[in-house]
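Q: So here's coords.pdb, just PDB, C-alpha atoms, pLDDT in the B column:
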ATOM      1  CA  MET A   1      11.367  20.731  -3.659  1.00 91.00           C
ATOM      2  CA  ARG A   2       9.859  17.834  -5.582  1.00 94.00           C
ATOM      3  CA  THR A   3       7.242  16.269  -3.285  1.00 97.00           C
ATOM      4  CA  LEU A   4       5.388  12.943  -3.389  1.00 98.00           C
ATOM      5  CA  ILE A   5       2.332  11.926  -1.344  1.00 98.00           C
ATOM      6  CA  LEU A   6       1.756   8.177  -1.009  1.00 98.00           C
ATOM      7  CA  VAL A   7      -1.903   7.477  -0.253  1.00 98.00           C
ATOM      8  CA  ASP A   8      -2.802   4.426   1.859  1.00 98.00           C
ATOM      9  CA  VAL A   9      -0.328   1.874   0.484  1.00 98.00           C
ATOM     10  CA  GLN A  10      -1.474  -0.526   3.200  1.00 98.00           C
ATOM     11  CA  ASN A  11      -1.924  -4.283   3.411  1.00 98.00           C
ATOM     12  CA  ASP A  12      -5.712  -4.243   3.664  1.00 97.00           C
ATOM     13  CA  PHE A  13      -5.941  -2.460   0.295  1.00 97.00           C
ATOM     14  CA  MET A  14      -3.510  -4.822  -1.398  1.00 97.00           C
ATOM     15  CA  GLU A  15      -4.425  -8.045  -3.177  1.00 95.00           C
ATOM     16  CA  GLY A  16      -5.879 -10.438  -0.611  1.00 95.00           C
ATOM     17  CA  GLY A  17      -6.561  -7.652   1.901  1.00 96.00           C
ATOM     18  CA  ASN A  18      -9.851  -6.986   3.674  1.00 95.00           C
ATOM     19  CA  LEU A  19     -10.710  -4.205   1.220  1.00 96.00           C
ATOM     20  CA  GLU A  20      -8.759  -5.377  -1.804  1.00 96.00           C
ATOM     21  CA  VAL A  21      -8.062  -3.034  -4.703  1.00 97.00           C
ATOM     22  CA  PRO A  22      -7.737  -5.073  -7.929  1.00 96.00           C
ATOM     23  CA  GLN A  23      -4.128  -5.464  -9.098  1.00 96.00           C
ATOM     24  CA  ALA A  24      -2.921  -3.228  -6.286  1.00 97.00           C
ATOM     25  CA  ASN A  25       0.361  -5.092  -5.846  1.00 97.00           C
ATOM     26  CA  ARG A  26       1.604  -3.890  -9.213  1.00 97.00           C
ATOM     27  CA  ILE A  27       2.086  -0.337  -7.900  1.00 98.00           C
ATOM     28  CA  ILE A  28       4.724  -1.291  -5.301  1.00 98.00           C
ATOM     29  CA  PRO A  29       7.716  -1.698  -7.655  1.00 97.00           C
ATOM     30  CA  VAL A  30       6.633   1.411  -9.557  1.00 97.00           C
ATOM     31  CA  ILE A  31       6.594   3.486  -6.360  1.00 98.00           C
ATOM     32  CA  ASN A  32       9.932   2.082  -5.225  1.00 97.00           C
ATOM     33  CA  ARG A  33      11.538   3.117  -8.522  1.00 96.00           C
ATOM     34  CA  LEU A  34      10.109   6.606  -8.162  1.00 96.00           C
ATOM     35  CA  LEU A  35      11.110   7.376  -4.589  1.00 96.00           C
ATOM     36  CA  LYS A  36      14.664   8.459  -5.318  1.00 93.00           C
ATOM     37  CA  GLN A  37      13.329  11.081  -7.724  1.00 95.00           C
ATOM     38  CA  PHE A  38      11.738  13.071  -4.880  1.00 97.00           C
ATOM     39  CA  ASP A  39      13.195  15.450  -2.316  1.00 96.00           C
ATOM     40  CA  LEU A  40      10.299  14.957   0.087  1.00 97.00           C
ATOM     41  CA  VAL A  41       8.034  11.911   0.512  1.00 98.00           C
ATOM     42  CA  VAL A  42       5.080  11.799   2.896  1.00 98.00           C
ATOM     43  CA  ALA A  43       2.405   9.154   3.338  1.00 98.00           C
ATOM     44  CA  THR A  44      -1.172   8.848   4.525  1.00 98.00           C
ATOM     45  CA  GLN A  45      -2.403   5.904   6.540  1.00 97.00           C
ATOM     46  CA  ASP A  46      -5.964   4.776   7.229  1.00 97.00           C
ATOM     47  CA  TRP A  47      -6.042   4.186  10.999  1.00 97.00           C
ATOM     48  CA  HIS A  48      -9.500   3.131  12.158  1.00 96.00           C
ATOM     49  CA  PRO A  49     -10.752   2.189  15.627  1.00 96.00           C
ATOM     50  CA  GLN A  50     -12.689  -1.070  15.904  1.00 95.00           C
ATOM     51  CA  ASN A  51     -15.975   0.804  16.441  1.00 95.00           C
ATOM     52  CA  HIS A  52     -15.690   2.944  13.318  1.00 95.00           C
ATOM     53  CA  GLN A  53     -19.131   3.773  11.942  1.00 92.00           C
ATOM     54  CA  SER A  54     -18.045   3.226   8.341  1.00 92.00           C
ATOM     55  CA  PHE A  55     -17.735  -0.507   9.070  1.00 94.00           C
ATOM     56  CA  ALA A  56     -20.765  -2.577   8.119  1.00 93.00           C
ATOM     57  CA  SER A  57     -20.075  -4.775  11.150  1.00 93.00           C
ATOM     58  CA  ASN A  58     -21.063  -1.879  13.420  1.00 93.00           C
ATOM     59  CA  HIS A  59     -24.566  -1.630  11.933  1.00 92.00           C
ATOM     60  CA  SER A  60     -27.261  -4.226  12.499  1.00 89.00           C
ATOM     61  CA  ASN A  61     -28.574  -5.962   9.391  1.00 90.00           C
ATOM     62  CA  LYS A  62     -25.996  -4.286   7.150  1.00 90.00           C
ATOM     63  CA  LYS A  63     -23.316  -5.809   4.976  1.00 93.00           C
ATOM     64  CA  PRO A  64     -20.229  -4.363   3.277  1.00 92.00           C
ATOM     65  CA  PHE A  65     -20.958  -1.962   0.422  1.00 91.00           C
ATOM     66  CA  ASP A  66     -24.496  -1.241   1.619  1.00 92.00           C
ATOM     67  CA  LYS A  67     -25.435   2.431   1.714  1.00 90.00           C
ATOM     68  CA  ILE A  68     -26.630   4.367   4.743  1.00 89.00           C
ATOM     69  CA  ASN A  69     -27.837   7.914   5.220  1.00 84.00           C
ATOM     70  CA  ARG A  70     -25.842   9.951   7.718  1.00 78.00           C
ATOM     71  CA  GLN A  71     -27.060  13.490   8.347  1.00 73.00           C
ATOM     72  CA  GLY A  72     -28.561  13.634   4.884  1.00 74.00           C
ATOM     73  CA  ILE A  73     -25.461  12.262   3.149  1.00 74.00           C
ATOM     74  CA  GLU A  74     -25.331   8.824   1.527  1.00 80.00           C
ATOM     75  CA  GLU A  75     -22.313   6.851   2.685  1.00 85.00           C
ATOM     76  CA  THR A  76     -20.892   3.448   1.813  1.00 90.00           C
ATOM     77  CA  LEU A  77     -20.304   0.851   4.502  1.00 92.00           C
ATOM     78  CA  TRP A  78     -17.026  -1.045   4.227  1.00 93.00           C
ATOM     79  CA  PRO A  79     -15.550  -4.301   5.465  1.00 94.00           C
ATOM     80  CA  ASN A  80     -13.439  -3.832   8.590  1.00 95.00           C
ATOM     81  CA  HIS A  81     -10.060  -2.566   7.395  1.00 96.00           C
ATOM     82  CA  CYS A  82      -6.901  -0.806   8.566  1.00 96.00           C
ATOM     83  CA  LEU A  83      -7.652  -1.315  12.254  1.00 96.00           C
ATOM     84  CA  GLN A  84      -5.272   0.612  14.467  1.00 97.00           C
ATOM     85  CA  GLY A  85      -2.166  -1.457  15.199  1.00 95.00           C
ATOM     86  CA  SER A  86      -3.211  -4.341  12.945  1.00 97.00           C
ATOM     87  CA  LYS A  87      -1.196  -6.065  10.231  1.00 97.00           C
ATOM     88  CA  GLY A  88      -3.747  -4.829   7.700  1.00 97.00           C
ATOM     89  CA  ALA A  89      -3.015  -1.213   8.624  1.00 97.00           C
ATOM     90  CA  GLU A  90       0.720  -1.604   8.033  1.00 97.00           C
ATOM     91  CA  PHE A  91       2.351  -0.440   4.823  1.00 98.00           C
ATOM     92  CA  HIS A  92       2.966  -3.201   2.275  1.00 97.00           C
ATOM     93  CA  PRO A  93       6.130  -5.043   3.383  1.00 97.00           C
ATOM     94  CA  ASN A  94       7.829  -4.516   0.016  1.00 97.00           C
ATOM     95  CA  LEU A  95       7.274  -0.758   0.060  1.00 98.00           C
ATOM     96  CA  GLU A  96      10.556   1.034   0.709  1.00 97.00           C
ATOM     97  CA  THR A  97       9.592   3.297   3.607  1.00 96.00           C
ATOM     98  CA  ASN A  98      12.959   4.737   4.668  1.00 96.00           C
ATOM     99  CA  GLN A  99      12.436   7.893   2.628  1.00 95.00           C
ATOM    100  CA  ILE A 100       9.013   8.687   4.127  1.00 97.00           C
ATOM    101  CA  ALA A 101       9.553  11.844   6.171  1.00 97.00           C
ATOM    102  CA  ALA A 102       6.108  12.016   7.799  1.00 98.00           C
ATOM    103  CA  ILE A 103       2.948   9.901   8.091  1.00 98.00           C
ATOM    104  CA  PHE A 104      -0.501  11.477   8.362  1.00 98.00           C
ATOM    105  CA  ARG A 105      -3.109   9.165   9.856  1.00 97.00           C
ATOM    106  CA  LYS A 106      -6.775   9.520   8.997  1.00 96.00           C
ATOM    107  CA  GLY A 107     -10.112   7.942   9.851  1.00 94.00           C
ATOM    108  CA  MET A 108      -9.383   7.889  13.586  1.00 95.00           C
ATOM    109  CA  ASP A 109     -12.679   9.506  14.636  1.00 93.00           C
ATOM    110  CA  PRO A 110     -15.188   6.628  14.935  1.00 92.00           C
ATOM    111  CA  GLU A 111     -18.065   8.858  13.842  1.00 90.00           C
ATOM    112  CA  ILE A 112     -16.745  10.100  10.491  1.00 89.00           C
ATOM    113  CA  ASP A 113     -14.661   8.620   7.702  1.00 90.00           C
ATOM    114  CA  SER A 114     -11.686  10.357   6.106  1.00 93.00           C
ATOM    115  CA  TYR A 115     -11.071   9.511   2.472  1.00 95.00           C
ATOM    116  CA  SER A 116      -8.798  12.504   1.918  1.00 97.00           C
ATOM    117  CA  GLY A 117      -5.324  12.785   3.358  1.00 97.00           C
ATOM    118  CA  PHE A 118      -6.102  16.420   4.215  1.00 97.00           C
ATOM    119  CA  TYR A 119      -9.502  16.398   5.955  1.00 96.00           C
ATOM    120  CA  ASP A 120     -12.262  14.170   7.264  1.00 92.00           C
ATOM    121  CA  ASN A 121     -15.289  13.745   5.013  1.00 91.00           C
ATOM    122  CA  ASP A 122     -17.130  16.608   6.732  1.00 89.00           C
ATOM    123  CA  HIS A 123     -14.126  18.912   6.248  1.00 89.00           C
ATOM    124  CA  GLN A 124     -14.235  19.777   9.938  1.00 89.00           C
ATOM    125  CA  LYS A 125     -10.951  18.209  11.075  1.00 91.00           C
ATOM    126  CA  SER A 126      -7.610  18.654   9.353  1.00 94.00           C
ATOM    127  CA  THR A 127      -4.874  16.029   9.442  1.00 96.00           C
ATOM    128  CA  GLY A 128      -2.267  18.794   9.382  1.00 96.00           C
ATOM    129  CA  LEU A 129      -0.939  17.744   5.975  1.00 97.00           C
ATOM    130  CA  SER A 130      -1.696  21.069   4.287  1.00 97.00           C
ATOM    131  CA  GLY A 131       0.049  23.087   6.988  1.00 97.00           C
ATOM    132  CA  TYR A 132       3.052  20.765   6.891  1.00 97.00           C
ATOM    133  CA  LEU A 133       3.478  21.223   3.141  1.00 97.00           C
ATOM    134  CA  LYS A 134       2.895  24.962   3.214  1.00 97.00           C
ATOM    135  CA  GLU A 135       5.417  25.426   6.020  1.00 96.00           C
ATOM    136  CA  LYS A 136       7.959  23.840   3.677  1.00 96.00           C
ATOM    137  CA  LYS A 137       6.905  26.216   0.872  1.00 97.00           C
ATOM    138  CA  ILE A 138       5.622  23.348  -1.282  1.00 97.00           C
ATOM    139  CA  THR A 139       3.403  24.499  -4.150  1.00 96.00           C
ATOM    140  CA  GLU A 140       3.367  21.428  -6.428  1.00 97.00           C
ATOM    141  CA  ILE A 141       2.779  17.837  -5.354  1.00 98.00           C
ATOM    142  CA  TYR A 142       2.771  14.434  -7.012  1.00 98.00           C
ATOM    143  CA  ILE A 143       0.205  11.954  -5.681  1.00 98.00           C
ATOM    144  CA  CYS A 144      -0.202   8.182  -6.057  1.00 98.00           C
ATOM    145  CA  GLY A 145      -1.512   5.178  -4.143  1.00 98.00           C
ATOM    146  CA  LEU A 146      -4.822   3.504  -3.330  1.00 97.00           C
ATOM    147  CA  ALA A 147      -7.491   3.687  -4.378  1.00 96.00           C
ATOM    148  CA  SER A 148      -7.480   6.040  -7.369  1.00 96.00           C
ATOM    149  CA  ASP A 149     -11.255   6.497  -7.367  1.00 95.00           C
ATOM    150  CA  ILE A 150     -11.679   7.060  -3.625  1.00 95.00           C
ATOM    151  CA  CYS A 151      -8.888   8.150  -1.277  1.00 97.00           C
ATOM    152  CA  VAL A 152      -6.481   9.285  -4.003  1.00 97.00           C
ATOM    153  CA  TYR A 153      -9.251  11.237  -5.729  1.00 97.00           C
ATOM    154  CA  HIS A 154     -10.422  12.942  -2.534  1.00 96.00           C
ATOM    155  CA  THR A 155      -6.844  13.747  -1.523  1.00 98.00           C
ATOM    156  CA  ILE A 156      -6.268  15.391  -4.903  1.00 97.00           C
ATOM    157  CA  ASN A 157      -9.539  17.310  -4.674  1.00 96.00           C
ATOM    158  CA  ASP A 158      -8.600  18.751  -1.291  1.00 97.00           C
ATOM    159  CA  ALA A 159      -5.060  19.484  -2.469  1.00 97.00           C
ATOM    160  CA  ILE A 160      -6.458  21.585  -5.305  1.00 97.00           C
ATOM    161  CA  ASN A 161      -8.787  23.394  -2.903  1.00 96.00           C
ATOM    162  CA  GLU A 162      -5.797  24.083  -0.648  1.00 96.00           C
ATOM    163  CA  GLY A 163      -4.045  25.797  -3.539  1.00 96.00           C
ATOM    164  CA  PHE A 164      -1.535  23.146  -4.574  1.00 97.00           C
ATOM    165  CA  SER A 165      -0.731  22.206  -8.149  1.00 97.00           C
ATOM    166  CA  VAL A 166      -1.170  18.432  -8.513  1.00 97.00           C
ATOM    167  CA  LEU A 167       0.160  15.667 -10.734  1.00 97.00           C
ATOM    168  CA  LEU A 168      -1.359  12.188 -10.444  1.00 98.00           C
ATOM    169  CA  ILE A 169       0.978   9.294 -11.214  1.00 98.00           C
ATOM    170  CA  LYS A 170      -1.465   6.935 -12.895  1.00 96.00           C
ATOM    171  CA  ASP A 171       0.588   3.732 -13.021  1.00 96.00           C
ATOM    172  CA  ALA A 172       1.570   4.116  -9.357  1.00 98.00           C
ATOM    173  CA  SER A 173      -2.139   4.084  -8.432  1.00 98.00           C
ATOM    174  CA  GLN A 174      -5.022   1.641  -8.848  1.00 97.00           C
ATOM    175  CA  PRO A 175      -8.806   2.132  -8.649  1.00 96.00           C
ATOM    176  CA  ILE A 176     -11.401  -0.121  -7.063  1.00 95.00           C
ATOM    177  CA  ASN A 177     -13.720   0.559  -9.989  1.00 93.00           C
ATOM    178  CA  ALA A 178     -12.057   1.390 -13.311  1.00 92.00           C
ATOM    179  CA  ASP A 179     -15.271   2.765 -14.831  1.00 93.00           C
ATOM    180  CA  ASP A 180     -15.779   5.167 -11.941  1.00 92.00           C
ATOM    181  CA  PHE A 181     -12.180   6.306 -12.231  1.00 94.00           C
ATOM    182  CA  ALA A 182     -12.566   6.969 -15.959  1.00 94.00           C
ATOM    183  CA  ILE A 183     -15.278   9.490 -15.088  1.00 94.00           C
ATOM    184  CA  LEU A 184     -13.256  11.001 -12.253  1.00 94.00           C
ATOM    185  CA  LYS A 185     -10.214  11.435 -14.503  1.00 93.00           C
ATOM    186  CA  LYS A 186     -12.209  13.843 -16.642  1.00 94.00           C
ATOM    187  CA  LYS A 187     -13.131  15.811 -13.533  1.00 94.00           C
ATOM    188  CA  LEU A 188      -9.516  15.909 -12.412  1.00 94.00           C
ATOM    189  CA  THR A 189      -8.181  17.150 -15.726  1.00 94.00           C
ATOM    190  CA  GLY A 190     -10.933  19.764 -15.721  1.00 95.00           C
ATOM    191  CA  MET A 191      -9.592  20.942 -12.359  1.00 93.00           C
ATOM    192  CA  GLY A 192      -6.115  21.338 -13.832  1.00 95.00           C
ATOM    193  CA  VAL A 193      -4.615  18.078 -12.574  1.00 97.00           C
ATOM    194  CA  ARG A 194      -1.921  16.610 -14.809  1.00 97.00           C
ATOM    195  CA  ILE A 195      -2.197  12.821 -15.144  1.00 97.00           C
ATOM    196  CA  ILE A 196       1.151  11.253 -15.975  1.00 96.00           C
ATOM    197  CA  ASN A 197       2.916   7.886 -15.942  1.00 96.00           C
ATOM    198  CA  SER A 198       6.017   7.119 -13.925  1.00 96.00           C
ATOM    199  CA  ASP A 199       8.275   6.995 -16.978  1.00 93.00           C
ATOM    200  CA  GLU A 200       7.641  10.704 -17.515  1.00 93.00           C
ATOM    201  CA  ILE A 201       9.361  11.320 -14.162  1.00 93.00           C
ATOM    202  CA  LEU A 202      12.072   8.715 -14.524  1.00 83.00           C
ATOM    203  CA  THR A 203      13.169  10.035 -17.932  1.00 72.00           C
ATOM    204  CA  THR A 204      13.484  13.657 -16.751  1.00 56.00           C
ATOM    205  CA  ASP A 205      16.560  13.039 -14.602  1.00 50.00           C
TER
END
Take the structure from the file and write it as structure tokens.

A:
Amino acid sequence: MRTLILVDVQNDFMEGGNLEVPQANRIIPVINRLLKQFDLVVATQDWHPQNHQSFASNHSNKKPFDKINRQGIEETLWPNHCLQGSKGAEFHPNLETNQIAAIFRKGMDPEIDSYSGFYDNDHQKSTGLSGYLKEKKITEIYICGLASDICVYHTINDAINEGFSVLLIKDASQPINADDFAILKKKLTGMGVRIINSDEILTTD
């Protein structure tokens, strides 16, 4: 069963959003063209409470993109984004969502962020995504979305650790920082991830 995971294709990560990914809007038509090529499509959705500790606004004298130390781990503080029930947390209005079979929300615990679609950043709480896929006997997954160098990367990393074979659809994803992603791509290929473009899927059928 050919399976696609859409990572955080939400308004706040799109151009003009609270945590804008450069040129993010370009991935929407690419994803829409791809959807019919998959038997199963699932999506992740950042879904933060107002008091989330990853928001700079919840720390005195801090601004977005400052670093803090939490239990010995350096973490980035972000602008408020993807607040539960907000317009910014909704999927992009041009994304064709009818084929999405399940949505896995993450980042709901105010004390810990969740970049990955599989686990929180401490790897203590599962979203249930791995169990869902394994129950359906899925062994190989395609992944795309936002942002390539953060939530997409961490979702892929956990997918590999969960035993899945992974293909990243590069042109259906966009990074916040292209230089960072160039480094991460080498790590991904070293882990066995295949990095492809959408036309490699569209021309196989």

Q: With distances taken over only C-alpha atoms, which of A:Glu74, A:Glu140, A:Asp171, A:Asp149 is nearest to Thr3 in chain A?

A: A:Glu140

Q: To one decimal place in Å, what is the distance between CA of Gln10 in chain A and CA of Ser86 in chain A?

A: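 Spanning CA of Gln10 in chain A to CA of Ser86 in chain A is a straight-line distance of 10.6 Å.
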
Q: Determine, counting all atoms listed in the file, which protein, DNA and RNA residues have an atom within 12 Å of an atom of Asn11 in chain A; residues of the same chain fewer than 4 positions away are not included. Present the result as a list in words.

A: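 Close residues of Asn11 in chain A: Glu15, Gly16, Gly17, Asn18, Leu19, Glu20, Val21, Ala24, Asn25, Ile28, Gln45, Asp46, His81, Cys82, Leu83, Ser86, Lys87, Gly88, Ala89, Glu90, Phe91, His92, Pro93, Asn94, Leu95 and Leu146 of chain A.
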
Q: With distances taken over only C-alpha atoms, which residue among A:Thr203, A:Thr139, A:Thr127, A:Gln50 lies nearest Gln84 in chain A?

A: A:Gln50

Q: One decimal, in Å: what's the spacing between CA of Glu135 in chain A and CA of Ser173 in chain A?

A: 26.9 Å

Q: If you apply the PyMOL selection byres ((chain A and resi 99) around 9) to this file, what residues do you get, as a PDB file with C-alpha atoms, in the coordinates of the input?

A:
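Final output, selection06.pdb:
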ATOM      1  CA  LEU A  35      11.110   7.376  -4.589  1.00 96.00           C
ATOM      2  CA  LYS A  36      14.664   8.459  -5.318  1.00 93.00           C
ATOM      3  CA  LEU A  40      10.299  14.957   0.087  1.00 97.00           C
ATOM      4  CA  VAL A  41       8.034  11.911   0.512  1.00 98.00           C
ATOM      5  CA  VAL A  42       5.080  11.799   2.896  1.00 98.00           C
ATOM      6  CA  GLU A  96      10.556   1.034   0.709  1.00 97.00           C
ATOM      7  CA  THR A  97       9.592   3.297   3.607  1.00 96.00           C
ATOM      8  CA  ASN A  98      12.959   4.737   4.668  1.00 96.00           C
ATOM      9  CA  ILE A 100       9.013   8.687   4.127  1.00 97.00           C
ATOM     10  CA  ALA A 101       9.553  11.844   6.171  1.00 97.00           C
TER      11      ALA A 101
END

Q: For each of A:Glu111, A:Phe13, A:Asp120, A:Leu77, take the minimum atom-to-atom distance to Lys63 in chain A, counting all atoms listed in the file, then give the residue where this is smallest.

A: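 For Lys63 in chain A, the nearest of the candidates is A:Leu77.
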
Q: To one decimal place, how far is CA of Lys187 in chain A from CA of Lys125 in chain A in Å?

A: 24.8 Å

Q: Translate the PyMOL selection byres ((chain A and resi 126) around 12) into a concrete residue list for this structure, as an NGL selection string.

A: :A and (104-109 or 114-125 or 127-132 or 155 or 158 or 162)

Q: I need the output of the PyMOL selection byres ((chain A and resi 66-73) around 12) for this file as a PyMOL selection string; which residues are they?

A: chain A and resi 53-57+59-65+74-79+111-113+121-122

Q: Pick out the closest residue to Asn80 in chain A from this set: A:Lys136, A:Asn32, A:Asp12, A:Ala172. Count only C-alpha atoms.

A: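 Among A:Lys136, A:Asn32, A:Asp12, A:Ala172, it is A:Asp12 that comes nearest to Asn80 in chain A.
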
Q: Could you give me the axis-aligned bounding box of range 24-36 of chain A, with 6 Å of padding per side, as centre plus edge lengths in Å to one decimal, as lines of an AutoDock Vina configuration file?

A:
center_x = 5.9
center_y = 1.7
center_z = -7.1
size_x = 29.6
size_y = 25.6
size_z = 17.0

Q: Leaving out Leu184 in chain A and any residue of its chain fewer than 2 positions from it, which residues lie within 12 Å of it when counting only C-alpha atoms, given as a PyMOL selection string?

A: chain A and resi 148-150+152-154+156-157+175+177-182+186-191+193+195

Q: Using only C-alpha atoms, which protein or nucleic acid residues come within 7 Å of Asn197 in chain A? Drop anything in the same chain fewer than 2 positions from it, and give the result as a list in words.

A: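 Residues meeting the cut-off are Ile169, Lys170, Asp171, Asp199 and Glu200 of chain A.
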
Q: With C-alpha atoms retained, export the selected residues as a compact mmCIF listing (two decimals), in the frame of the given file.

A:
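See again_19.txt below for the written result:
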# COMPACT_ATOMS: atom_id res chain seq x y z
CA ILE A 169 0.98 9.29 -11.21
CA LYS A 170 -1.46 6.94 -12.90
CA ASP A 171 0.59 3.73 -13.02
CA ASP A 199 8.28 7.00 -16.98
CA GLU A 200 7.64 10.70 -17.52

Q: Taking all atoms listed in the file into account, which of A:Ile183, A:Ile31, A:Ile201, A:Met1 comes nearest Cys144 in chain A?

A: A:Ile31
